[in-house]
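Q: Got a structure for you, questions after.
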Amino acid sequence: MSTLTAESFALHELEREEPRTSDGGGLTLAMKVANVWEGLLAAGAAGCPVCGARMVRAAGAGRCASCGSGLS
Ligand SMILES: [Zn+2]
């Protein structure tokens with residue numbers, strides 16, 4: 001239940017950023033964020049999709065301690 005909610009929020013947030021992130025990296029940003037959420041929900045930590053540093057789960061949201069990006 002919480003997984004579906006988190007992913008829905010993440011994907012919704014990404015819709016406006018998608019055009020400038022299609023750099024041919026193989027994974028769309030939406031797919032990267034979905035992978036990050038899988039890690040956050042399963043292990044409590046994952047790689048930040050923005051800077052690649054460690055992102056941790058706090059209060060139901062993902063937060064990067066390096067660049068300050070958040071997933072909610
Ligand atoms: Zn970051």
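Chain labels run A, B, ... following the order of the structure tokens; each chain numbers its residues from 1, and ligands are numbered from 1 in the order shown.
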Mind running chain A against ligand 1 at 10 Å and telling me each contacting residue's nearest atom pair with the distance in Å (one decimal), counting only C-alpha atoms and all ligand atoms, chain and number ascending, as a Markdown table?

A:
```
| residue | atom | partner | partner_atom_place_in_ligand_line | distance |
| --- | --- | --- | --- | --- |
| A:Gly47 | CA | ligand 1 | 1 (Zn) | 7.8 |
| A:Cys48 | CA | ligand 1 | 1 (Zn) | 4.6 |
| A:Pro49 | CA | ligand 1 | 1 (Zn) | 6.6 |
| A:Val50 | CA | ligand 1 | 1 (Zn) | 5.0 |
| A:Cys51 | CA | ligand 1 | 1 (Zn) | 4.1 |
| A:Gly52 | CA | ligand 1 | 1 (Zn) | 5.8 |
| A:Ala53 | CA | ligand 1 | 1 (Zn) | 5.3 |
| A:Arg54 | CA | ligand 1 | 1 (Zn) | 7.1 |
| A:Met55 | CA | ligand 1 | 1 (Zn) | 6.8 |
| A:Arg63 | CA | ligand 1 | 1 (Zn) | 7.9 |
| A:Cys64 | CA | ligand 1 | 1 (Zn) | 4.7 |
| A:Ala65 | CA | ligand 1 | 1 (Zn) | 6.7 |
| A:Ser66 | CA | ligand 1 | 1 (Zn) | 5.1 |
| A:Cys67 | CA | ligand 1 | 1 (Zn) | 4.1 |
| A:Gly68 | CA | ligand 1 | 1 (Zn) | 5.9 |
| A:Ser69 | CA | ligand 1 | 1 (Zn) | 5.4 |
| A:Gly70 | CA | ligand 1 | 1 (Zn) | 8.2 |
```

Q: List as a PDB file with N, CA and C atoms, in the first residue's frame the protein and nucleic acid residues near Gly39 in chain A, meaning an atom at most 10 Å away when only C-alpha atoms are counted, but skip any in the same chain fewer than 6 places from it.

A:
```
ATOM      1  N   VAL A  33      13.866   6.800 -10.350  1.00  0.00           N
ATOM      2  CA  VAL A  33      13.216   7.122  -9.080  1.00  0.00           C
ATOM      3  C   VAL A  33      12.466   5.917  -8.540  1.00  0.00           C
ATOM      4  N   ALA A  45      17.747   2.891   2.348  1.00  0.00           N
ATOM      5  CA  ALA A  45      18.737   3.751   1.727  1.00  0.00           C
ATOM      6  C   ALA A  45      18.885   3.373   0.254  1.00  0.00           C
ATOM      7  N   ALA A  46      19.277   4.350  -0.557  1.00  0.00           N
ATOM      8  CA  ALA A  46      19.465   4.099  -1.987  1.00  0.00           C
ATOM      9  C   ALA A  46      20.310   5.229  -2.559  1.00  0.00           C
ATOM     10  N   GLY A  47      20.724   5.089  -3.809  1.00  0.00           N
ATOM     11  CA  GLY A  47      21.519   6.130  -4.440  1.00  0.00           C
ATOM     12  C   GLY A  47      20.653   7.287  -4.895  1.00  0.00           C
ATOM     13  N   MET A  55      21.075   8.337  -0.409  1.00  0.00           N
ATOM     14  CA  MET A  55      19.782   8.914  -0.037  1.00  0.00           C
ATOM     15  C   MET A  55      19.143   8.002   0.989  1.00  0.00           C
ATOM     16  N   VAL A  56      18.646   8.583   2.055  1.00  0.00           N
ATOM     17  CA  VAL A  56      18.055   7.783   3.117  1.00  0.00           C
ATOM     18  C   VAL A  56      16.574   8.102   3.259  1.00  0.00           C
ATOM     19  N   ARG A  57      15.864   7.170   3.859  1.00  0.00           N
ATOM     20  CA  ARG A  57      14.437   7.331   4.057  1.00  0.00           C
ATOM     21  C   ARG A  57      14.190   7.944   5.429  1.00  0.00           C
TER      22      ARG A  57
END
```

Q: If you measure from CA of Ala43 in chain A to CA of Leu71 in chain A, what distance in Å do you get, rounded to one decimal?

A: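 These atoms are spaced 15.5 Å apart.
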